[in-house]
>>> print(open('target16.cif').read())   # mmCIF, N, CA and C atoms and all ligand atoms
data_final
#
loop_
_atom_site.label_atom_id
_atom_site.label_comp_id
_atom_site.auth_asym_id
_atom_site.auth_seq_id
_atom_site.Cartn_x
_atom_site.Cartn_y
_atom_site.Cartn_z
N MET K 29 -23.24 -142.31 66.33
CA MET K 29 -23.99 -143.10 65.38
C MET K 29 -23.52 -142.79 63.97
N GLN K 30 -23.33 -143.83 63.15
CA GLN K 30 -22.88 -143.63 61.77
C GLN K 30 -23.92 -144.17 60.81
N ILE K 31 -24.28 -143.37 59.83
CA ILE K 31 -25.28 -143.78 58.85
C ILE K 31 -24.70 -143.53 57.45
N PRO K 32 -24.53 -144.61 56.65
CA PRO K 32 -24.05 -144.40 55.28
C PRO K 32 -25.21 -144.02 54.36
N THR K 33 -24.94 -143.16 53.37
CA THR K 33 -25.97 -142.84 52.39
C THR K 33 -25.35 -142.99 51.00
N SER K 34 -26.19 -143.25 50.00
CA SER K 34 -25.66 -143.40 48.65
C SER K 34 -26.27 -142.43 47.64
N SER K 35 -26.93 -141.39 48.14
CA SER K 35 -27.43 -140.34 47.24
C SER K 35 -27.72 -139.10 48.07
N PRO K 36 -27.80 -137.93 47.40
CA PRO K 36 -28.17 -136.71 48.12
C PRO K 36 -29.55 -136.86 48.78
N GLU K 37 -30.45 -137.55 48.09
CA GLU K 37 -31.81 -137.73 48.64
C GLU K 37 -31.75 -138.50 49.96
N GLU K 38 -30.88 -139.50 50.03
CA GLU K 38 -30.75 -140.27 51.28
C GLU K 38 -30.18 -139.41 52.39
N THR K 39 -29.24 -138.55 52.04
CA THR K 39 -28.67 -137.64 53.06
C THR K 39 -29.75 -136.69 53.55
N GLU K 40 -30.57 -136.19 52.63
CA GLU K 40 -31.68 -135.31 53.03
C GLU K 40 -32.65 -136.06 53.93
N SER K 41 -32.85 -137.32 53.64
CA SER K 41 -33.81 -138.09 54.43
C SER K 41 -33.30 -138.38 55.84
N VAL K 42 -31.99 -138.60 55.99
CA VAL K 42 -31.43 -138.76 57.35
C VAL K 42 -31.66 -137.47 58.14
N ALA K 43 -31.42 -136.34 57.48
CA ALA K 43 -31.62 -135.04 58.14
C ALA K 43 -33.09 -134.83 58.49
N ALA K 44 -33.97 -135.29 57.61
CA ALA K 44 -35.41 -135.12 57.86
C ALA K 44 -35.85 -135.95 59.06
N ARG K 45 -35.16 -137.09 59.28
CA ARG K 45 -35.50 -137.91 60.46
C ARG K 45 -35.00 -137.27 61.74
N LEU K 46 -33.92 -136.52 61.66
CA LEU K 46 -33.40 -135.83 62.84
C LEU K 46 -34.30 -134.64 63.20
N ALA K 47 -34.84 -133.99 62.18
CA ALA K 47 -35.54 -132.71 62.37
C ALA K 47 -36.59 -132.70 63.48
N PRO K 48 -37.46 -133.73 63.58
CA PRO K 48 -38.55 -133.64 64.56
C PRO K 48 -38.08 -133.57 66.02
N VAL K 49 -36.87 -134.00 66.31
CA VAL K 49 -36.42 -133.96 67.72
C VAL K 49 -35.80 -132.60 68.06
N LEU K 50 -35.65 -131.74 67.07
CA LEU K 50 -35.01 -130.45 67.32
C LEU K 50 -36.03 -129.41 67.80
N ARG K 51 -35.53 -128.50 68.64
CA ARG K 51 -36.38 -127.45 69.22
C ARG K 51 -35.69 -126.09 69.06
N ALA K 52 -36.47 -125.02 69.09
CA ALA K 52 -35.88 -123.67 69.04
C ALA K 52 -34.83 -123.56 70.14
N GLY K 53 -33.71 -122.96 69.80
CA GLY K 53 -32.60 -122.85 70.75
C GLY K 53 -31.52 -123.89 70.49
N ASP K 54 -31.87 -124.94 69.73
CA ASP K 54 -30.87 -125.97 69.44
C ASP K 54 -29.89 -125.50 68.38
N VAL K 55 -28.63 -125.87 68.58
CA VAL K 55 -27.59 -125.63 67.59
C VAL K 55 -27.15 -126.99 67.06
N VAL K 56 -27.09 -127.10 65.73
CA VAL K 56 -26.63 -128.34 65.08
C VAL K 56 -25.43 -127.96 64.22
N THR K 57 -24.25 -128.44 64.59
CA THR K 57 -23.07 -128.16 63.77
C THR K 57 -22.96 -129.22 62.68
N VAL K 58 -22.56 -128.79 61.48
CA VAL K 58 -22.47 -129.69 60.33
C VAL K 58 -21.08 -129.52 59.72
N SER K 59 -20.22 -130.52 59.94
CA SER K 59 -18.83 -130.44 59.50
C SER K 59 -18.56 -131.37 58.34
N GLY K 60 -17.46 -131.10 57.65
CA GLY K 60 -17.04 -131.96 56.54
C GLY K 60 -16.43 -131.10 55.46
N GLU K 61 -15.59 -131.74 54.63
CA GLU K 61 -14.90 -130.97 53.59
C GLU K 61 -15.88 -130.47 52.53
N LEU K 62 -15.37 -129.63 51.64
CA LEU K 62 -16.17 -129.09 50.55
C LEU K 62 -16.78 -130.24 49.74
N GLY K 63 -18.08 -130.16 49.50
CA GLY K 63 -18.76 -131.18 48.70
C GLY K 63 -19.15 -132.41 49.49
N ALA K 64 -18.91 -132.40 50.79
CA ALA K 64 -19.24 -133.58 51.61
C ALA K 64 -20.74 -133.77 51.73
N GLY K 65 -21.50 -132.67 51.61
CA GLY K 65 -22.96 -132.79 51.70
C GLY K 65 -23.57 -132.00 52.85
N LYS K 66 -22.82 -131.05 53.37
CA LYS K 66 -23.31 -130.27 54.52
C LYS K 66 -24.60 -129.51 54.15
N THR K 67 -24.54 -128.79 53.03
CA THR K 67 -25.72 -128.02 52.64
C THR K 67 -26.88 -128.94 52.27
N THR K 68 -26.57 -130.06 51.65
CA THR K 68 -27.60 -131.06 51.32
C THR K 68 -28.30 -131.54 52.60
N PHE K 69 -27.51 -131.82 53.64
CA PHE K 69 -28.06 -132.26 54.92
C PHE K 69 -28.97 -131.17 55.50
N VAL K 70 -28.48 -129.94 55.52
CA VAL K 70 -29.25 -128.84 56.10
C VAL K 70 -30.55 -128.64 55.30
N ARG K 71 -30.46 -128.79 53.97
CA ARG K 71 -31.65 -128.65 53.12
C ARG K 71 -32.72 -129.67 53.52
N GLY K 72 -32.30 -130.90 53.74
CA GLY K 72 -33.25 -131.95 54.13
C GLY K 72 -33.92 -131.65 55.46
N ALA K 73 -33.12 -131.14 56.39
CA ALA K 73 -33.68 -130.80 57.70
C ALA K 73 -34.64 -129.61 57.59
N CYS K 74 -34.25 -128.61 56.81
CA CYS K 74 -35.09 -127.42 56.65
C CYS K 74 -36.42 -127.79 56.01
N ARG K 75 -36.38 -128.62 54.98
CA ARG K 75 -37.62 -129.06 54.33
C ARG K 75 -38.55 -129.71 55.35
N ALA K 76 -37.97 -130.59 56.16
CA ALA K 76 -38.77 -131.32 57.15
C ALA K 76 -39.31 -130.38 58.23
N LEU K 77 -38.64 -129.25 58.39
CA LEU K 77 -39.08 -128.27 59.40
C LEU K 77 -40.02 -127.23 58.79
N GLY K 78 -40.40 -127.46 57.54
CA GLY K 78 -41.43 -126.61 56.94
C GLY K 78 -40.92 -125.45 56.11
N VAL K 79 -39.58 -125.40 55.88
CA VAL K 79 -39.04 -124.33 55.05
C VAL K 79 -39.35 -124.66 53.59
N THR K 80 -40.02 -123.74 52.89
CA THR K 80 -40.42 -124.03 51.51
C THR K 80 -39.57 -123.26 50.49
N THR K 81 -38.84 -122.23 50.95
CA THR K 81 -37.99 -121.49 50.01
C THR K 81 -36.71 -122.29 49.74
N PRO K 82 -36.03 -122.01 48.63
CA PRO K 82 -34.81 -122.76 48.32
C PRO K 82 -33.76 -122.61 49.43
N VAL K 83 -33.13 -123.71 49.79
CA VAL K 83 -32.08 -123.68 50.82
C VAL K 83 -30.75 -123.82 50.11
N THR K 84 -30.00 -122.72 50.07
CA THR K 84 -28.73 -122.72 49.34
C THR K 84 -27.61 -122.40 50.31
N SER K 85 -26.39 -122.66 49.88
CA SER K 85 -25.25 -122.43 50.75
C SER K 85 -25.07 -120.93 51.02
N PRO K 86 -24.98 -120.53 52.28
CA PRO K 86 -24.76 -119.11 52.58
C PRO K 86 -23.28 -118.75 52.59
N THR K 87 -22.49 -119.41 51.79
CA THR K 87 -21.04 -119.20 51.83
C THR K 87 -20.65 -117.73 51.66
N PHE K 88 -21.40 -116.97 50.86
CA PHE K 88 -21.03 -115.58 50.63
C PHE K 88 -21.83 -114.58 51.46
N THR K 89 -22.61 -115.09 52.41
CA THR K 89 -23.27 -114.24 53.40
C THR K 89 -23.05 -114.95 54.74
N ILE K 90 -23.33 -114.27 55.82
CA ILE K 90 -23.14 -114.92 57.13
C ILE K 90 -24.13 -116.07 57.29
N GLY K 91 -25.37 -115.82 56.88
CA GLY K 91 -26.37 -116.86 57.09
C GLY K 91 -27.70 -116.50 56.48
N HIS K 92 -28.60 -117.46 56.56
CA HIS K 92 -29.98 -117.27 56.14
C HIS K 92 -30.87 -117.57 57.33
N ARG K 93 -31.96 -116.80 57.44
CA ARG K 93 -32.94 -117.13 58.46
C ARG K 93 -34.26 -117.42 57.77
N TYR K 94 -34.82 -118.59 58.06
CA TYR K 94 -36.11 -118.99 57.51
C TYR K 94 -37.06 -119.18 58.69
N GLY K 95 -37.71 -118.12 59.13
CA GLY K 95 -38.60 -118.26 60.28
C GLY K 95 -37.85 -118.77 61.49
N HIS K 96 -38.25 -119.94 62.02
CA HIS K 96 -37.61 -120.47 63.22
C HIS K 96 -36.46 -121.41 62.91
N VAL K 97 -35.92 -121.29 61.70
CA VAL K 97 -34.76 -122.09 61.31
C VAL K 97 -33.69 -121.15 60.75
N SER K 98 -32.44 -121.32 61.21
CA SER K 98 -31.33 -120.53 60.68
C SER K 98 -30.29 -121.47 60.07
N HIS K 99 -29.57 -120.95 59.09
CA HIS K 99 -28.54 -121.71 58.39
C HIS K 99 -27.32 -120.80 58.26
N LEU K 100 -26.26 -121.13 58.98
CA LEU K 100 -25.06 -120.31 58.96
C LEU K 100 -23.90 -121.06 58.34
N ASP K 101 -22.96 -120.31 57.80
CA ASP K 101 -21.75 -120.88 57.22
C ASP K 101 -20.58 -120.03 57.68
N LEU K 102 -19.70 -120.60 58.48
CA LEU K 102 -18.58 -119.83 59.06
C LEU K 102 -17.28 -120.05 58.29
N TYR K 103 -17.41 -120.49 57.03
CA TYR K 103 -16.23 -120.82 56.22
C TYR K 103 -15.20 -119.70 56.20
N ARG K 104 -15.67 -118.45 56.10
CA ARG K 104 -14.74 -117.33 55.94
C ARG K 104 -14.15 -116.86 57.27
N PHE K 105 -14.58 -117.44 58.37
CA PHE K 105 -14.14 -116.95 59.67
C PHE K 105 -12.93 -117.71 60.19
N ALA K 106 -12.12 -117.00 60.96
CA ALA K 106 -11.04 -117.63 61.70
C ALA K 106 -11.19 -117.13 63.12
N GLY K 107 -11.99 -117.79 63.89
CA GLY K 107 -12.34 -117.28 65.22
C GLY K 107 -13.44 -116.25 65.08
N LEU K 108 -14.08 -115.90 66.19
CA LEU K 108 -15.17 -114.92 66.17
C LEU K 108 -14.88 -113.82 67.17
N SER K 109 -14.82 -112.59 66.69
CA SER K 109 -14.66 -111.47 67.61
C SER K 109 -16.01 -111.21 68.27
N ASP K 110 -16.01 -110.39 69.32
CA ASP K 110 -17.28 -110.05 69.98
C ASP K 110 -18.23 -109.39 68.99
N ALA K 111 -17.68 -108.53 68.12
CA ALA K 111 -18.53 -107.83 67.13
C ALA K 111 -19.13 -108.82 66.15
N GLU K 112 -18.32 -109.78 65.71
CA GLU K 112 -18.82 -110.79 64.78
C GLU K 112 -19.90 -111.64 65.45
N TRP K 113 -19.65 -112.00 66.72
CA TRP K 113 -20.66 -112.77 67.44
C TRP K 113 -21.95 -111.96 67.57
N GLY K 114 -21.81 -110.65 67.75
CA GLY K 114 -22.98 -109.78 67.83
C GLY K 114 -23.82 -109.84 66.57
N ASP K 115 -23.14 -109.95 65.41
CA ASP K 115 -23.87 -110.07 64.14
C ASP K 115 -24.56 -111.43 64.02
N LEU K 116 -23.93 -112.45 64.59
CA LEU K 116 -24.46 -113.81 64.45
C LEU K 116 -25.57 -114.12 65.44
N GLU K 117 -25.50 -113.51 66.60
CA GLU K 117 -26.38 -113.89 67.71
C GLU K 117 -27.87 -113.95 67.32
N PRO K 118 -28.37 -112.95 66.54
CA PRO K 118 -29.81 -112.99 66.20
C PRO K 118 -30.22 -114.28 65.46
N TYR K 119 -29.28 -114.90 64.75
CA TYR K 119 -29.62 -116.14 64.04
C TYR K 119 -29.93 -117.28 65.01
N PHE K 120 -29.40 -117.16 66.23
CA PHE K 120 -29.58 -118.23 67.22
C PHE K 120 -30.79 -117.98 68.11
N ASP K 121 -31.32 -116.76 68.03
CA ASP K 121 -32.41 -116.35 68.91
C ASP K 121 -33.72 -116.98 68.46
N ASP K 122 -34.29 -117.84 69.31
CA ASP K 122 -35.58 -118.47 69.03
C ASP K 122 -35.57 -119.23 67.70
N ALA K 123 -34.47 -119.90 67.40
CA ALA K 123 -34.37 -120.65 66.14
C ALA K 123 -33.61 -121.95 66.36
N ILE K 124 -33.86 -122.91 65.49
CA ILE K 124 -32.99 -124.07 65.35
C ILE K 124 -31.91 -123.62 64.39
N ALA K 125 -30.65 -123.66 64.82
CA ALA K 125 -29.57 -123.11 63.99
C ALA K 125 -28.62 -124.21 63.50
N PHE K 126 -28.51 -124.33 62.18
CA PHE K 126 -27.57 -125.25 61.55
C PHE K 126 -26.33 -124.46 61.16
N VAL K 127 -25.16 -124.95 61.57
CA VAL K 127 -23.93 -124.20 61.33
C VAL K 127 -22.94 -125.05 60.55
N GLU K 128 -22.70 -124.63 59.28
CA GLU K 128 -21.65 -125.26 58.49
C GLU K 128 -20.31 -124.63 58.84
N TRP K 129 -19.22 -125.39 58.71
CA TRP K 129 -17.88 -124.94 59.07
C TRP K 129 -17.88 -124.31 60.47
N PRO K 130 -18.30 -125.06 61.49
CA PRO K 130 -18.43 -124.48 62.84
C PRO K 130 -17.09 -124.27 63.54
N GLU K 131 -16.01 -124.87 62.99
CA GLU K 131 -14.73 -124.90 63.71
C GLU K 131 -14.28 -123.52 64.17
N ALA K 132 -14.47 -122.51 63.30
CA ALA K 132 -14.01 -121.16 63.63
C ALA K 132 -14.77 -120.56 64.81
N GLY K 133 -16.00 -121.02 65.00
CA GLY K 133 -16.83 -120.38 66.01
C GLY K 133 -16.98 -121.18 67.28
N GLU K 134 -16.31 -122.35 67.34
CA GLU K 134 -16.59 -123.28 68.42
C GLU K 134 -16.50 -122.65 69.82
N ALA K 135 -15.54 -121.75 70.02
CA ALA K 135 -15.38 -121.15 71.34
C ALA K 135 -16.52 -120.20 71.68
N ALA K 136 -17.11 -119.57 70.67
CA ALA K 136 -18.13 -118.54 70.91
C ALA K 136 -19.55 -119.08 70.79
N LEU K 137 -19.72 -120.15 70.02
CA LEU K 137 -21.08 -120.65 69.76
C LEU K 137 -21.69 -121.30 70.99
N PRO K 138 -23.03 -121.28 71.09
CA PRO K 138 -23.69 -122.08 72.12
C PRO K 138 -23.31 -123.55 71.90
N THR K 139 -23.29 -124.34 72.96
CA THR K 139 -22.95 -125.76 72.84
C THR K 139 -23.95 -126.45 71.91
N PRO K 140 -23.44 -127.16 70.88
CA PRO K 140 -24.37 -127.82 69.95
C PRO K 140 -25.15 -128.95 70.64
N ARG K 141 -26.40 -129.10 70.28
CA ARG K 141 -27.19 -130.23 70.79
C ARG K 141 -26.86 -131.48 69.96
N VAL K 142 -26.57 -131.26 68.67
CA VAL K 142 -26.18 -132.37 67.79
C VAL K 142 -24.99 -131.91 66.96
N ARG K 143 -24.01 -132.82 66.83
CA ARG K 143 -22.88 -132.58 65.93
C ARG K 143 -23.00 -133.58 64.78
N VAL K 144 -22.96 -133.06 63.56
CA VAL K 144 -23.05 -133.90 62.37
C VAL K 144 -21.73 -133.78 61.64
N ARG K 145 -21.16 -134.92 61.24
CA ARG K 145 -19.94 -134.90 60.41
C ARG K 145 -20.19 -135.76 59.18
N LEU K 146 -19.86 -135.19 58.01
CA LEU K 146 -20.05 -135.94 56.76
C LEU K 146 -18.70 -136.23 56.13
N ARG K 147 -18.55 -137.44 55.63
CA ARG K 147 -17.30 -137.83 54.97
C ARG K 147 -17.60 -138.46 53.62
N HIS K 148 -16.76 -138.15 52.62
CA HIS K 148 -16.84 -138.80 51.32
C HIS K 148 -16.43 -140.26 51.45
N ILE K 149 -17.21 -141.14 50.88
CA ILE K 149 -16.73 -142.52 50.68
C ILE K 149 -16.33 -142.63 49.21
N ASP K 150 -17.24 -142.23 48.33
CA ASP K 150 -16.91 -142.09 46.91
C ASP K 150 -17.84 -141.04 46.30
N GLU K 151 -17.91 -140.99 45.00
CA GLU K 151 -18.70 -139.98 44.29
C GLU K 151 -20.12 -139.80 44.86
N SER K 152 -20.78 -140.91 45.15
CA SER K 152 -22.20 -140.82 45.54
C SER K 152 -22.46 -141.30 46.96
N GLN K 153 -21.44 -141.80 47.63
CA GLN K 153 -21.66 -142.31 48.98
C GLN K 153 -21.00 -141.42 50.03
N ARG K 154 -21.72 -141.24 51.13
CA ARG K 154 -21.20 -140.45 52.24
C ARG K 154 -21.43 -141.21 53.54
N MET K 155 -20.57 -140.98 54.52
CA MET K 155 -20.79 -141.50 55.86
C MET K 155 -21.22 -140.32 56.72
N ILE K 156 -22.37 -140.43 57.35
CA ILE K 156 -22.87 -139.37 58.22
C ILE K 156 -22.71 -139.83 59.66
N GLU K 157 -21.97 -139.05 60.41
CA GLU K 157 -21.78 -139.37 61.82
C GLU K 157 -22.56 -138.35 62.64
N LEU K 158 -23.39 -138.86 63.55
CA LEU K 158 -24.22 -137.99 64.38
C LEU K 158 -23.85 -138.22 65.84
N GLU K 159 -23.70 -137.12 66.55
CA GLU K 159 -23.36 -137.21 67.97
C GLU K 159 -24.23 -136.19 68.70
N ALA K 160 -24.94 -136.63 69.73
CA ALA K 160 -25.84 -135.73 70.45
C ALA K 160 -25.35 -135.52 71.87
N SER K 161 -25.61 -134.33 72.40
CA SER K 161 -25.23 -134.06 73.78
C SER K 161 -26.03 -134.98 74.71
N ASP K 162 -27.26 -135.30 74.31
CA ASP K 162 -28.08 -136.26 75.04
C ASP K 162 -28.25 -137.49 74.15
N PRO K 163 -27.54 -138.60 74.45
CA PRO K 163 -27.53 -139.75 73.54
C PRO K 163 -28.93 -140.29 73.23
N ALA K 164 -29.88 -140.13 74.15
CA ALA K 164 -31.25 -140.63 73.92
C ALA K 164 -31.89 -139.96 72.71
N LEU K 165 -31.40 -138.76 72.42
CA LEU K 165 -31.96 -137.98 71.32
C LEU K 165 -31.93 -138.73 69.99
N LEU K 166 -30.89 -139.52 69.78
CA LEU K 166 -30.70 -140.17 68.48
C LEU K 166 -31.30 -141.57 68.42
N GLU K 167 -31.89 -142.03 69.55
CA GLU K 167 -32.39 -143.40 69.58
C GLU K 167 -33.41 -143.68 68.48
N GLU K 168 -34.29 -142.69 68.23
CA GLU K 168 -35.33 -142.90 67.23
C GLU K 168 -34.77 -143.00 65.81
N LEU K 169 -33.54 -142.55 65.64
CA LEU K 169 -32.94 -142.55 64.30
C LEU K 169 -32.31 -143.88 63.92
N ALA K 170 -32.06 -144.71 64.91
CA ALA K 170 -31.30 -145.93 64.70
C ALA K 170 -31.93 -146.85 63.65
P1 LIG E 201 -21.05 -128.96 51.16
O1 LIG E 201 -22.09 -128.02 51.72
O2 LIG E 201 -20.50 -129.92 52.20
O3 LIG E 201 -19.95 -128.26 50.43
P2 LIG E 201 -23.09 -129.74 49.26
O4 LIG E 201 -24.23 -130.35 50.00
O5 LIG E 201 -23.22 -128.33 48.77
O6 LIG E 201 -21.75 -129.94 50.11
O7 LIG E 201 -22.75 -130.63 47.99
C1 LIG E 201 -22.68 -132.02 48.03
C2 LIG E 201 -22.60 -132.51 46.59
O8 LIG E 201 -22.39 -133.92 46.58
C3 LIG E 201 -23.89 -132.24 45.84
O9 LIG E 201 -23.57 -131.94 44.50
C4 LIG E 201 -24.62 -133.57 45.93
O10 LIG E 201 -25.51 -133.78 44.87
C5 LIG E 201 -23.46 -134.54 45.88
N1 LIG E 201 -23.72 -135.84 46.54
C6 LIG E 201 -23.51 -137.04 45.95
N2 LIG E 201 -23.81 -138.05 46.77
C7 LIG E 201 -24.23 -137.47 47.94
C8 LIG E 201 -24.68 -138.03 49.17
N3 LIG E 201 -24.75 -139.36 49.42
N4 LIG E 201 -25.03 -137.14 50.14
C9 LIG E 201 -24.94 -135.81 49.94
N5 LIG E 201 -24.52 -135.25 48.78
C10 LIG E 201 -24.16 -136.07 47.78
MG MG E 202 -22.18 -125.90 51.94
#
>>> encode(input="target16.cif", output="structure tokens")
Amino acid sequence: MQIPTSSPEETESVAARLAPVLRAGDVVTVSGELGAGKTTFVRGACRALGVTTPVTSPTFTIGHRYGHVSHLDLYRFAGLSDAEWGDLEPYFDDAIAFVEWPEAGEAALPTPRVRVRLRHIDESQRMIELEASDPALLEELA
């Protein structure tokens, strides 16, 4: 499914519509180049899931945990060793986990329930592509 947006608020709102179908244990990968809107998307989902603290990019830490929601950024990784996975695993335990730059961890991560890809169209427009392991999951978003 592809959804175009023309502002950060619209991207947050698409994420907020996805949020209610997510459950603890779900992994949502969020891909796209720098500035594509990955953190903006995760922020919208976190807000809808009741996170009230600021949601910022965890680029310089492994991740943030907000109660039953986790936000990871694997930008600095090139593959995941067992030890690195050991550090990450608690973020996935009993949480909905959003993972930016998932490519490095794909072999080690639990299978994502939803894959999100964001692409620049221009300065303010993005194309959001959503793919779910269970296609029925996205029906309500159409
Ligand atoms: P990433 O995490 O992919 O590096 P961010 O979400 O941190 O990206 O930043 C996206 C930037 O693009 C923000 O400055 C945001 O305001 C801007 N932006 C402009 N239009 C959009 C849009 N339609 N959706 C998401 N972000 C947008
Ligand atoms: Mg980011």
>>> closest_residue(input="target16.cif", among="K:Gly95, K:Gly78, K:Gly60, K:Pro138", to="ligand MG 202 (chain E)", atoms="only C-alpha atoms and all ligand atoms")
K:Gly60
>>> residues_around(input="target16.cif", residues="Thr33 in chain K", least_positions_apart="4", cutoff="7 Å", atoms="only N, CA and C atoms", output="VMD selection string")
chain K and resid 38 to 39 152 to 156
>>> residues_around(input="target16.cif", residues="His99 in chain K", least_positions_apart="2", cutoff="6 Å", atoms="all atoms listed in the file", output="compact mmCIF listing (two decimals) with N, CA and C atoms, keeping the file's coordinate frame")
# COMPACT_ATOMS: atom_id res chain seq x y z
N ILE K 90 -23.33 -114.27 55.82
CA ILE K 90 -23.14 -114.92 57.13
C ILE K 90 -24.13 -116.07 57.29
N GLY K 91 -25.37 -115.82 56.88
CA GLY K 91 -26.37 -116.86 57.09
C GLY K 91 -27.70 -116.50 56.48
N HIS K 92 -28.60 -117.46 56.56
CA HIS K 92 -29.98 -117.27 56.14
C HIS K 92 -30.87 -117.57 57.33
N ARG K 93 -31.96 -116.80 57.44
CA ARG K 93 -32.94 -117.13 58.46
C ARG K 93 -34.26 -117.42 57.77
N TYR K 94 -34.82 -118.59 58.06
CA TYR K 94 -36.11 -118.99 57.51
C TYR K 94 -37.06 -119.18 58.69
N VAL K 97 -35.92 -121.29 61.70
CA VAL K 97 -34.76 -122.09 61.31
C VAL K 97 -33.69 -121.15 60.75
N ASP K 101 -22.96 -120.31 57.80
CA ASP K 101 -21.75 -120.88 57.22
C ASP K 101 -20.58 -120.03 57.68
N ALA K 125 -30.65 -123.66 64.82
CA ALA K 125 -29.57 -123.11 63.99
C ALA K 125 -28.62 -124.21 63.50
N PHE K 126 -28.51 -124.33 62.18
CA PHE K 126 -27.57 -125.25 61.55
C PHE K 126 -26.33 -124.46 61.16
N VAL K 127 -25.16 -124.95 61.57
CA VAL K 127 -23.93 -124.20 61.33
C VAL K 127 -22.94 -125.05 60.55
>>> residues_near_ligand(input="target16.cif", ligand="ligand MG 202 (chain E)", cutoff="7 Å", atoms="all atoms listed in the file", output="PyMOL selection string")
chain K and resi 62-63+65-68+84-87+128
>>> write_last_selection(input="target16.cif", atoms="N, CA and C atoms", output="short mmCIF file (atom, residue, chain, number, x, y, z; two decimals), keeping the file's coordinate frame")
data_model
loop_
_atom_site.label_atom_id
_atom_site.label_comp_id
_atom_site.auth_asym_id
_atom_site.auth_seq_id
_atom_site.Cartn_x
_atom_site.Cartn_y
_atom_site.Cartn_z
N LEU K 62 -15.37 -129.63 51.64
CA LEU K 62 -16.17 -129.09 50.55
C LEU K 62 -16.78 -130.24 49.74
N GLY K 63 -18.08 -130.16 49.50
CA GLY K 63 -18.76 -131.18 48.70
C GLY K 63 -19.15 -132.41 49.49
N GLY K 65 -21.50 -132.67 51.61
CA GLY K 65 -22.96 -132.79 51.70
C GLY K 65 -23.57 -132.00 52.85
N LYS K 66 -22.82 -131.05 53.37
CA LYS K 66 -23.31 -130.27 54.52
C LYS K 66 -24.60 -129.51 54.15
N THR K 67 -24.54 -128.79 53.03
CA THR K 67 -25.72 -128.02 52.64
C THR K 67 -26.88 -128.94 52.27
N THR K 68 -26.57 -130.06 51.65
CA THR K 68 -27.60 -131.06 51.32
C THR K 68 -28.30 -131.54 52.60
N THR K 84 -30.00 -122.72 50.07
CA THR K 84 -28.73 -122.72 49.34
C THR K 84 -27.61 -122.40 50.31
N SER K 85 -26.39 -122.66 49.88
CA SER K 85 -25.25 -122.43 50.75
C SER K 85 -25.07 -120.93 51.02
N PRO K 86 -24.98 -120.53 52.28
CA PRO K 86 -24.76 -119.11 52.58
C PRO K 86 -23.28 -118.75 52.59
N THR K 87 -22.49 -119.41 51.79
CA THR K 87 -21.04 -119.20 51.83
C THR K 87 -20.65 -117.73 51.66
N GLU K 128 -22.70 -124.63 59.28
CA GLU K 128 -21.65 -125.26 58.49
C GLU K 128 -20.31 -124.63 58.84
#
>>> closest_residue(input="target16.cif", among="K:Ala76, K:Val144, K:Val70, K:Val58", to="Pro130 in chain K", atoms="only C-alpha atoms")
K:Val58
>>> residues_around(input="target16.cif", residues="range 162-167 of chain K", least_positions_apart="6", cutoff="9 Å", atoms="only C-alpha atoms", output="number ranges by chain")
K: 29, 46, 49, 141-142
>>> axis_aligned_box(input="target16.cif", around="range 119-128 of chain K", padding_each_side="8 Å", output="JSON")
{"center_x": -27.9, "center_y": -120.1, "center_z": 63.9, "size_x": 31.3, "size_y": 26.4, "size_z": 26.8}
>>> closest_residue(input="target16.cif", among="K:Ile149, K:Ala64, K:Leu50, K:Ala136", to="ligand LIG 201 (chain E)", atoms="only N, CA and C atoms and all ligand atoms")
K:Ala64
>>> atom_distance(input="target16.cif", atom1="atom N of Trp113 in chain K", atom2="atom C2 of ligand LIG 201 (chain E)")
28.9 Å
>>> closest_residue(input="target16.cif", among="K:Leu158, K:Val56, K:Val79, K:Leu146", to="ligand LIG 201 (chain E)", atoms="only C-alpha atoms and all ligand atoms")
K:Leu146
>>> atom_distance(input="target16.cif", atom1="atom C4 of ligand LIG 201 (chain E)", atom2="atom N of Glu159 in chain K")
20.9 Å
>>> closest_residue(input="target16.cif", among="K:Glu168, K:Glu40, K:Asp122, K:Glu117", to="ligand LIG 201 (chain E)", atoms="only C-alpha atoms and all ligand atoms")
K:Glu40
>>> atom_distance(input="target16.cif", atom1="CA of Ala123 in chain K", atom2="atom N5 of ligand LIG 201 (chain E)")
24.7 Å
>>> closest_residue(input="target16.cif", among="K:Arg45, K:Arg143, K:Arg71, K:Arg51", to="ligand LIG 201 (chain E)", atoms="only C-alpha atoms and all ligand atoms")
K:Arg71
>>> select_by_dssp(input="target16.cif", residues="range 74-163 of chain K", states="strand (DSSP E or B)", output="number ranges by chain")
K: 91-94, 97-101, 124-128, 142-148, 154-160
>>> select_by_dssp(input="target16.cif", residues="chain K", states="helix (DSSP H, G or I)", output="count of residues only")
47
>>> residues_around(input="target16.cif", residues="Ile124 in chain K", least_positions_apart="2", cutoff="6 Å", atoms="only C-alpha atoms", output="list in words")
Ala52, Gly53, Asp54 and Val97 of chain K
